[in-house]
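Undergrad: Below are the structure tokens for one structure; questions will follow.
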Amino acid sequence: MLSILFLSDNFPPETNAPATRTYEHALEWVRMGHRVTVITTAPNFPEGRLREGYRNAWRTEESIDGIRVIRVKTYITANEGFLRRSLDYMSFMVSGAVAALVHSRPDVVITTSPQFFCAVAGWMVSRLRSLPWVFELRDLWPASIVAVGAMKKSVLIRLLERIELRMYRDADVVVSVTQAFKADLVRRGIDATKIHVVLNGVDLSRYRPIPKDEELVQRLGLRGKFVVGYLGTHGMAHALDKVIDAVTLLRDHARIVFLFAGAGAQRAWVEEVVRVRNLPNVLLLPAQSRSQMPALWSVVDLALVPLRKHPVFSTVIPSKIFEAMAMGTPMLVSAPEGDATALVREAACGMITPPEDAQVMADAVARLEQSPETCAALTAAGLAAASRYSRPQQAGLMLQAVRAAVSPASSPSGMPAPPH
């Protein structure tokens, strides 16, 4: 039995991808008999508002499905504005590291990125307490903030890149969520034998084909509509300006409705543009709770998965791809050729269009709306592929990586981890 200490600044009741992956992996490890403690923040993402029943205290503790959850005080802000978000992240780096330093000694510490400063906290704790450290790599940061235009190449970026590489080298194991991330690290000189690839996955007990939620269909006025859903964080990486342009091109297609549900740095902009353009074919919903997501997915006929036209985004696989597969929802992926497009193409579960091309996106939506046979084929293929990415399976693969950090001899490669 392992005692696992996991630092993540997002955790349920937050519903973004880091929170969901961390919770579902931790839940599986608890079911296997391991002790898991998560150090996190008071839930406030992405709006920067505390969830009901929580307070931003120096330390609170609760148990969620057998997972010990310690919440620490941080600077809270909405997920918008680079400076304020950085202060938010750095405050968790400090308070999370302090909480980890005084916590009873675990067998291993794990940190997840994004965000970068959470990884720094784990790095410091592992060095100060001589603990094995697993760096879960979910984002190539700081490259991604340059890619979305939040910062330009500068002395600061180069300094952050040096820190980033040092952390990769010092980690006992790096768990990458895509093959492209691993290739990037190897290209930059990181030992390939300590990089384990564990793709994102999906809880098939929660996300599965279900009839359309009739109450939701009625309440939202979706009877007889072809619903194109963008569900999730409205971030700078998602080229939502081009999505809105595609929505505008389809404004006169009475049967096609675009449903946006979520929050994030670009959400207010989306709301304002929809208002200014007076788009009749858009429904805007706030971020939904974890329990509400399957019902929301059930009313979506086509999942929209857009990413910006930048090489960095050829390396990522949005988690909504796995949820769409499991729900049996066809998808339209507008992204650079890379890991996400390869996965969707191999599974034959979606249509792929070039990134940031509003006209092509609009044409593809219109074609799929007119082709129920194509949508049915994409649905069947997605359901067939979903079982390859079940959360218990992915949690087991990550546990193998964790064991490799704790006991190098247990690594499938047989290669020892670097010494502390």
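Naming scheme: A, B, ... for chains in displayed order of the structure tokens; residues 1 onward per chain; ligands 1 onward as shown.
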What's around segment 349-362 of chain A at 8 Å? Count only C-alpha atoms, leave out sequence neighbours fewer than 3 positions away in its own chain, and write the answer as a PyMOL selection string.

TA: chain A and resi 239+242-243+245-247+249-250+306-309+325+330-336+341+344-345+365-366+377-382

Undergrad: Just the residues within 8 Å of Thr112 of chain A, please, counting only C-alpha atoms, with nothing from its chain fewer than 4 positions along; format it as a ChimeraX atom specification.

TA: /A:7-8,18,118-119,135-138

Undergrad: What lies within 10 Å of Asn281 of chain A using only C-alpha atoms, ignoring chain neighbours under 4 positions off, as a list in words?

TA: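 In the requested form, the answer reads Val227, Val247, Thr248, Leu250, Arg251, Asp252, His253, Ala254, Arg255, Ile256, Val257, Phe258, Leu259 and Val274 of chain A.
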
Undergrad: Please give the complete set of residues from segment 51-170 of chain A that DSSP, run on the backbone, assigns to strand (DSSP E or B), formatted as a ChimeraX atom specification.

TA: /A:59-64,67-72,108-113,133-137

Undergrad: DSSP says helix (DSSP H, G or I) for which residues of segment 102-242 of chain A? Put them as number ranges by chain?

TA: A: 102, 116-129, 143-147, 155-170, 179-187, 192-194, 214-220, 236-238, 240-242

Undergrad: Could you produce a table of the residues of segment 210-273 of chain A lying within 9 Å of segment 43-59 of chain A, with the nearest pair of atoms per residue and their separation in Å rounded to one decimal, using only C-alpha atoms, ordered by chain and increasing residue number, as a Markdown table?

TA:
```
| residue | atom | partner | partner_atom | distance |
| --- | --- | --- | --- | --- |
| A:Thr233 | CA | A:Pro46 | CA | 8.1 |
| A:Gly262 | CA | A:Pro46 | CA | 8.8 |
| A:Ala263 | CA | A:Pro46 | CA | 6.1 |
| A:Gly264 | CA | A:Pro46 | CA | 5.7 |
| A:Ala265 | CA | A:Pro46 | CA | 8.3 |
```

Undergrad: Excluding His25 of chain A and any residue of its chain fewer than 5 positions from it, enumerate the residues within 9 Å of it, using only C-alpha atoms, and give them as a PyMOL selection string.

TA: chain A and resi 20+30+391-392+394-396+398-399

Undergrad: Could you write out the selected residues, including C-alpha atoms, as a PDB file, in the first residue's frame?

TA:
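This is the output file out07.pdb:
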```pdb
ATOM      1  CA  THR A  20     -11.514  15.576 -12.946  1.00  0.00           C
ATOM      2  CA  VAL A  30      -8.211   4.481  -2.952  1.00  0.00           C
ATOM      3  CA  ARG A 391     -10.455   5.779 -16.210  1.00  0.00           C
ATOM      4  CA  PRO A 392      -9.647   2.614 -14.197  1.00  0.00           C
ATOM      5  CA  GLN A 394      -5.577   4.908 -17.158  1.00  0.00           C
ATOM      6  CA  ALA A 395      -5.340   5.149 -13.355  1.00  0.00           C
ATOM      7  CA  GLY A 396      -3.627   1.758 -13.337  1.00  0.00           C
ATOM      8  CA  MET A 398      -0.350   6.024 -13.880  1.00  0.00           C
ATOM      9  CA  LEU A 399       0.048   3.934 -10.732  1.00  0.00           C
TER      10      LEU A 399
END
```

Undergrad: Taking only C-alpha atoms into account, name the residue in A:Thr37, A:Ser154, A:Ser291, A:Ser314 that is nearest to Ala99 of chain A.

TA: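 Counting only C-alpha atoms, the residue closest to Ala99 of chain A is A:Thr37.
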